[in-house]
Structure formats: C-alpha cells, structure tokens
>>> print(open('my_file_13.pdb').read())   # PDB, C-alpha atoms and all ligand atoms
MODEL        1
ATOM      1  CA  MET A   1     -10.203 -16.346  11.917  1.00  0.00           C
ATOM      2  CA  SER A   2      -8.974 -16.666  15.469  1.00  0.00           C
ATOM      3  CA  LYS A   3      -5.217 -16.516  14.780  1.00  0.00           C
ATOM      4  CA  CYS A   4      -5.133 -13.897  12.028  1.00  0.00           C
ATOM      5  CA  VAL A   5      -3.312 -10.813  13.346  1.00  0.00           C
ATOM      6  CA  PHE A   6      -5.414  -8.397  11.325  1.00  0.00           C
ATOM      7  CA  CYS A   7      -8.651 -10.042  12.496  1.00  0.00           C
ATOM      8  CA  LYS A   8      -7.281  -9.462  16.010  1.00  0.00           C
ATOM      9  CA  VAL A   9      -6.876  -5.758  15.191  1.00  0.00           C
ATOM     10  CA  VAL A  10     -10.516  -5.692  14.016  1.00  0.00           C
ATOM     11  CA  ARG A  11     -11.632  -7.364  17.260  1.00  0.00           C
ATOM     12  CA  ARG A  12      -9.370  -5.065  19.332  1.00  0.00           C
ATOM     13  CA  GLU A  13      -7.450  -8.063  20.657  1.00  0.00           C
ATOM     14  CA  LEU A  14      -4.256  -6.486  19.287  1.00  0.00           C
ATOM     15  CA  SER A  15      -3.595  -2.793  19.714  1.00  0.00           C
ATOM     16  CA  ALA A  16      -3.086  -0.661  16.634  1.00  0.00           C
ATOM     17  CA  GLU A  17      -3.044   3.039  15.885  1.00  0.00           C
ATOM     18  CA  ILE A  18      -6.326   3.277  14.012  1.00  0.00           C
ATOM     19  CA  VAL A  19      -6.803   6.304  11.738  1.00  0.00           C
ATOM     20  CA  GLU A  20     -10.115   5.398  10.044  1.00  0.00           C
ATOM     21  CA  GLU A  21     -12.848   2.862  10.725  1.00  0.00           C
ATOM     22  CA  ASP A  22     -16.360   2.124   9.545  1.00  0.00           C
ATOM     23  CA  ASP A  23     -18.671  -0.901   9.377  1.00  0.00           C
ATOM     24  CA  HIS A  24     -16.632  -2.610   6.662  1.00  0.00           C
ATOM     25  CA  ALA A  25     -12.982  -1.653   7.039  1.00  0.00           C
ATOM     26  CA  VAL A  26     -10.234  -0.352   9.300  1.00  0.00           C
ATOM     27  CA  ALA A  27      -7.148   1.743   8.516  1.00  0.00           C
ATOM     28  CA  PHE A  28      -4.214   1.735  10.931  1.00  0.00           C
ATOM     29  CA  ARG A  29      -0.514   2.521  10.998  1.00  0.00           C
ATOM     30  CA  ASP A  30       1.889  -0.175   9.838  1.00  0.00           C
ATOM     31  CA  ILE A  31       4.059  -1.487  12.664  1.00  0.00           C
ATOM     32  CA  ASN A  32       7.121  -1.416  10.372  1.00  0.00           C
ATOM     33  CA  PRO A  33       6.727   1.771   8.327  1.00  0.00           C
ATOM     34  CA  GLN A  34       8.475   1.982   4.972  1.00  0.00           C
ATOM     35  CA  ALA A  35       7.679   5.681   4.501  1.00  0.00           C
ATOM     36  CA  PRO A  36       6.823   8.645   6.759  1.00  0.00           C
ATOM     37  CA  VAL A  37       3.171   7.764   6.141  1.00  0.00           C
ATOM     38  CA  HIS A  38       2.477   4.021   6.009  1.00  0.00           C
ATOM     39  CA  ILE A  39      -1.092   2.961   6.688  1.00  0.00           C
ATOM     40  CA  LEU A  40      -2.754  -0.400   6.158  1.00  0.00           C
ATOM     41  CA  VAL A  41      -6.376  -0.577   5.032  1.00  0.00           C
ATOM     42  CA  ILE A  42      -8.101  -3.893   5.691  1.00  0.00           C
ATOM     43  CA  PRO A  43     -11.597  -5.273   5.253  1.00  0.00           C
ATOM     44  CA  LYS A  44     -13.271  -6.500   8.438  1.00  0.00           C
ATOM     45  CA  LYS A  45     -14.218  -9.576   6.434  1.00  0.00           C
ATOM     46  CA  HIS A  46     -11.366 -12.078   6.381  1.00  0.00           C
ATOM     47  CA  ILE A  47     -10.207 -12.447   2.776  1.00  0.00           C
ATOM     48  CA  THR A  48      -6.750 -13.999   2.642  1.00  0.00           C
ATOM     49  CA  ALA A  49      -5.513 -12.114  -0.431  1.00  0.00           C
ATOM     50  CA  LEU A  50      -6.694 -10.228  -3.491  1.00  0.00           C
ATOM     51  CA  ASP A  51      -6.565 -13.423  -5.547  1.00  0.00           C
ATOM     52  CA  LYS A  52      -9.179 -14.924  -3.210  1.00  0.00           C
ATOM     53  CA  ALA A  53     -11.649 -12.041  -3.587  1.00  0.00           C
ATOM     54  CA  SER A  54     -14.722 -12.720  -5.694  1.00  0.00           C
ATOM     55  CA  GLU A  55     -17.565 -10.916  -7.436  1.00  0.00           C
ATOM     56  CA  GLU A  56     -19.420 -10.720  -4.133  1.00  0.00           C
ATOM     57  CA  ASP A  57     -16.598  -8.488  -2.854  1.00  0.00           C
ATOM     58  CA  VAL A  58     -16.803  -5.925  -5.635  1.00  0.00           C
ATOM     59  CA  LEU A  59     -18.371  -3.186  -3.498  1.00  0.00           C
ATOM     60  CA  LEU A  60     -16.033  -3.939  -0.602  1.00  0.00           C
ATOM     61  CA  LEU A  61     -12.968  -3.627  -2.835  1.00  0.00           C
ATOM     62  CA  GLY A  62     -14.083  -0.216  -4.042  1.00  0.00           C
ATOM     63  CA  HIS A  63     -14.797   0.754  -0.461  1.00  0.00           C
ATOM     64  CA  LEU A  64     -11.225  -0.122   0.527  1.00  0.00           C
ATOM     65  CA  LEU A  65      -9.812   2.125  -2.192  1.00  0.00           C
ATOM     66  CA  LEU A  66     -11.920   5.050  -1.051  1.00  0.00           C
ATOM     67  CA  MET A  67     -10.868   4.465   2.563  1.00  0.00           C
ATOM     68  CA  ALA A  68      -7.236   4.401   1.382  1.00  0.00           C
ATOM     69  CA  ASN A  69      -7.745   7.867  -0.094  1.00  0.00           C
ATOM     70  CA  ARG A  70      -9.441   9.129   3.068  1.00  0.00           C
ATOM     71  CA  ALA A  71      -6.643   7.701   5.210  1.00  0.00           C
ATOM     72  CA  ALA A  72      -4.037   9.436   3.012  1.00  0.00           C
ATOM     73  CA  ASN A  73      -6.004  12.696   3.256  1.00  0.00           C
ATOM     74  CA  SER A  74      -6.100  12.340   7.043  1.00  0.00           C
ATOM     75  CA  GLN A  75      -2.290  12.417   6.972  1.00  0.00           C
ATOM     76  CA  ASN A  76      -2.291  15.568   4.814  1.00  0.00           C
ATOM     77  CA  LEU A  77      -1.643  13.609   1.625  1.00  0.00           C
ATOM     78  CA  THR A  78      -4.160  14.692  -0.985  1.00  0.00           C
ATOM     79  CA  SER A  79      -1.959  13.301  -3.752  1.00  0.00           C
ATOM     80  CA  ASP A  80       1.580  11.916  -4.143  1.00  0.00           C
ATOM     81  CA  TYR A  81       0.929   8.674  -2.340  1.00  0.00           C
ATOM     82  CA  ARG A  82       1.056   5.052  -3.435  1.00  0.00           C
ATOM     83  CA  VAL A  83      -1.355   2.169  -2.772  1.00  0.00           C
ATOM     84  CA  VAL A  84       0.156  -1.323  -2.908  1.00  0.00           C
ATOM     85  CA  ILE A  85      -1.449  -4.758  -2.531  1.00  0.00           C
ATOM     86  CA  ASN A  86       1.099  -7.543  -2.195  1.00  0.00           C
ATOM     87  CA  THR A  87      -0.608 -10.726  -3.371  1.00  0.00           C
ATOM     88  CA  GLY A  88       1.112 -14.002  -2.502  1.00  0.00           C
ATOM     89  CA  GLY A  89       4.378 -14.711  -0.712  1.00  0.00           C
ATOM     90  CA  GLY A  90       6.380 -14.305  -3.908  1.00  0.00           C
ATOM     91  CA  ALA A  91       5.134 -10.714  -4.148  1.00  0.00           C
ATOM     92  CA  GLY A  92       6.019  -9.952  -0.532  1.00  0.00           C
ATOM     93  CA  GLN A  93       2.749 -10.752   1.226  1.00  0.00           C
ATOM     94  CA  SER A  94       3.482 -11.815   4.801  1.00  0.00           C
ATOM     95  CA  VAL A  95       0.079 -11.345   6.470  1.00  0.00           C
ATOM     96  CA  PHE A  96      -2.650 -13.374   4.782  1.00  0.00           C
ATOM     97  CA  HIS A  97      -5.555 -11.015   5.349  1.00  0.00           C
ATOM     98  CA  LEU A  98      -6.096  -8.709   2.385  1.00  0.00           C
ATOM     99  CA  HIS A  99      -4.580  -5.271   3.015  1.00  0.00           C
ATOM    100  CA  LEU A 100      -3.757  -2.148   1.071  1.00  0.00           C
ATOM    101  CA  HIS A 101      -0.535  -0.354   1.929  1.00  0.00           C
ATOM    102  CA  VAL A 102      -0.866   3.428   1.696  1.00  0.00           C
ATOM    103  CA  LEU A 103       2.610   4.935   1.447  1.00  0.00           C
ATOM    104  CA  GLY A 104       3.592   8.561   1.215  1.00  0.00           C
ATOM    105  CA  GLY A 105       5.614  11.432   2.565  1.00  0.00           C
ATOM    106  CA  ARG A 106       8.726  10.681   0.540  1.00  0.00           C
ATOM    107  CA  ALA A 107       9.736  10.337  -3.112  1.00  0.00           C
ATOM    108  CA  MET A 108       8.643   7.020  -4.643  1.00  0.00           C
ATOM    109  CA  GLY A 109      10.801   5.062  -7.069  1.00  0.00           C
ATOM    110  CA  TRP A 110       9.570   3.067 -10.043  1.00  0.00           C
ATOM    111  CA  PRO A 111       9.573   0.169 -10.665  1.00  0.00           C
ATOM    112  CA  PRO A 112       9.022  -0.947  -7.085  1.00  0.00           C
ATOM    113  CA  GLY A 113      11.427  -3.589  -5.839  1.00  0.00           C
TER
HETATM  114  P1  LIG A 201       2.669  -7.605   3.607  1.00  0.00           P
HETATM  115  O1  LIG A 201       4.145  -7.889   3.634  1.00  0.00           O
HETATM  116  O2  LIG A 201       2.219  -6.945   2.332  1.00  0.00           O
HETATM  117  O3  LIG A 201       1.849  -8.798   3.972  1.00  0.00           O
HETATM  118  O4  LIG A 201       2.455  -6.498   4.730  1.00  0.00           O
HETATM  119  C1  LIG A 201       2.163  -6.806   6.035  1.00  0.00           C
HETATM  120  C2  LIG A 201       2.422  -5.569   6.845  1.00  0.00           C
HETATM  121  O5  LIG A 201       1.780  -5.710   8.074  1.00  0.00           O
HETATM  122  C3  LIG A 201       3.888  -5.282   7.147  1.00  0.00           C
HETATM  123  O6  LIG A 201       4.253  -4.036   6.540  1.00  0.00           O
HETATM  124  C4  LIG A 201       3.966  -5.200   8.649  1.00  0.00           C
HETATM  125  C5  LIG A 201       2.527  -5.070   9.065  1.00  0.00           C
HETATM  126  N1  LIG A 201       2.191  -5.734  10.302  1.00  0.00           N
HETATM  127  C6  LIG A 201       2.382  -7.036  10.615  1.00  0.00           C
HETATM  128  N2  LIG A 201       1.911  -7.305  11.839  1.00  0.00           N
HETATM  129  C7  LIG A 201       1.387  -6.142  12.308  1.00  0.00           C
HETATM  130  C8  LIG A 201       0.750  -5.787  13.534  1.00  0.00           C
HETATM  131  O7  LIG A 201       0.541  -6.591  14.448  1.00  0.00           O
HETATM  132  N3  LIG A 201       0.364  -4.491  13.650  1.00  0.00           N
HETATM  133  C9  LIG A 201       0.551  -3.569  12.669  1.00  0.00           C
HETATM  134  N4  LIG A 201       0.120  -2.325  12.889  1.00  0.00           N
HETATM  135  N5  LIG A 201       1.151  -3.871  11.502  1.00  0.00           N
HETATM  136  C10 LIG A 201       1.563  -5.145  11.331  1.00  0.00           C
ENDMDL
END
>>> encode(input="my_file_13.pdb", output="structure tokens")
Amino acid sequence: MSKCVFCKVVRRELSAEIVEEDDHAVAFRDINPQAPVHILVIPKKHITALDKASEEDVLLLGHLLLMANRAANSQNLTSDYRVVINTGGGAGQSVFHLHLHVLGGRAMGWPPG
C-alpha cells in the first residue's frame, strides 16, 4: 500500500519513534499523544481495519495484543493501561491501517468519549 502512512512507517519511509518491532508488527509512539504514554501497535500486513480482518489473521491479532502488553511494559506500565481499536470513521478511525492504541500514565475515564 504505497500511500498508507503506517505502511510507510513499516518501510522506514516515514520516521517514527519505534519502541518494539518483530517480523509481524511494529509499535511506535503516536504523533499526537492523548496520554503520557500513547503507543500504536500495527501489523506489518496492511489490514485496513479490524472489521476487515479474517480467520487467517487470528494468530496475528493475538500477536498484536501481546506486543501491546510488551510495549506498555517497556514504558513501565505493567497494568493500568488501556488498549483501543477505533474501527471505522464513525468510531474515530482516521488512519485506515489496523492499529491498537496503547494509552496509559494517567487516570482513564469510562465510558470513553
Ligand atoms: P485513529 O484515529 O484511531 O485512526 O488513530 C490514528 C492515530 O495515528 C492518531 O492518534 C494519530 C496517529 N498518527 C497519524 N499519522 C501519524 C504518523 O505519521 N506518525 C505517527 N507516529 N502517528 C501518526
């Protein structure tokens, strides 16, 4: 996906502050943080959104959750963090490459806005 900004992060065509990476996923700091810790976890495979993932992605989806936990741990958050996946423009998704927001370092309200 030549124009996708997160694919560009994967290909190192766009700089990002990467905190975790392996063969399948990358975690990097959000450019517009909404909390003291705000990391995005993305698959290297271009999937536009969670509602476009399929059974073939089941291992990858689990992998992303475990990387989210490792990324939180790397920021000294062993608990008290939130993982959010905005799915669709109506839910606040603005970049159409599946990503998990990992937010922490402040009190979290519920329900989210
Ligand atoms: P969402 O609204 O759920 O699609 O979240 C997209 C997030 O991506 C948003 O919090 C800002 C972040 N973002 C957008 N472009 C870039 C970028 O080029 N670099 C980084 N690090 N984050 C980005």
>>> resolve_selection(input="my_file_13.pdb", expression="the PyMOL selection byres (((chain A and resi 85) around 8) and not hetatm)", output="number ranges by chain")
A: 50, 83-84, 86-87, 98-101
>>> axis_aligned_box(input="my_file_13.pdb", around="ligand LIG 201 (chain A)", padding_each_side="5 Å", output="JSON")
{"center_x": 2.2, "center_y": -5.6, "center_z": 8.4, "size_x": 14.1, "size_y": 16.5, "size_z": 22.1}
>>> closest_residue(input="my_file_13.pdb", among="A:Val95, A:Phe28, A:Leu40, A:Tyr81", to="A:Val5", atoms="all atoms listed in the file")
A:Val95
>>> closest_residue(input="my_file_13.pdb", among="A:Lys3, A:Arg82, A:His38, A:Lys45", to="ligand LIG 201 (chain A)", atoms="only C-alpha atoms and all ligand atoms")
A:His38
>>> residues_near_ligand(input="my_file_13.pdb", ligand="ligand LIG 201 (chain A)", cutoff="6 Å", atoms="all atoms listed in the file", output="number ranges by chain")
A: 5, 16, 29-32, 86, 92-95
>>> resolve_selection(input="my_file_13.pdb", expression="the PyMOL selection byres (((chain A and resi 20) around 10) and not hetatm)", output="list in words")
Glu17, Ile18, Val19, Glu21, Asp22, Ala25, Val26, Ala27, Phe28, Ile39, Val41, Met67, Ala68, Arg70, Ala71 and Ser74 of chain A
>>> write_last_selection(input="my_file_13.pdb", atoms="C-alpha atoms", output="mmCIF file, in the frame of the given file")
data_model
loop_
_atom_site.group_PDB
_atom_site.id
_atom_site.type_symbol
_atom_site.label_atom_id
_atom_site.label_comp_id
_atom_site.auth_asym_id
_atom_site.auth_seq_id
_atom_site.Cartn_x
_atom_site.Cartn_y
_atom_site.Cartn_z
ATOM 1 C CA GLU A 17 -3.044 3.039 15.885
ATOM 2 C CA ILE A 18 -6.326 3.277 14.012
ATOM 3 C CA VAL A 19 -6.803 6.304 11.738
ATOM 4 C CA GLU A 21 -12.848 2.862 10.725
ATOM 5 C CA ASP A 22 -16.360 2.124 9.545
ATOM 6 C CA ALA A 25 -12.982 -1.653 7.039
ATOM 7 C CA VAL A 26 -10.234 -0.352 9.300
ATOM 8 C CA ALA A 27 -7.148 1.743 8.516
ATOM 9 C CA PHE A 28 -4.214 1.735 10.931
ATOM 10 C CA ILE A 39 -1.092 2.961 6.688
ATOM 11 C CA VAL A 41 -6.376 -0.577 5.032
ATOM 12 C CA MET A 67 -10.868 4.465 2.563
ATOM 13 C CA ALA A 68 -7.236 4.401 1.382
ATOM 14 C CA ARG A 70 -9.441 9.129 3.068
ATOM 15 C CA ALA A 71 -6.643 7.701 5.210
ATOM 16 C CA SER A 74 -6.100 12.340 7.043
#
>>> residues_around(input="my_file_13.pdb", residues="A:Gly105", least_positions_apart="4", cutoff="7 Å", atoms="only C-alpha atoms", output="list of chain:residue names")
A:Ala35, A:Pro36, A:Val37
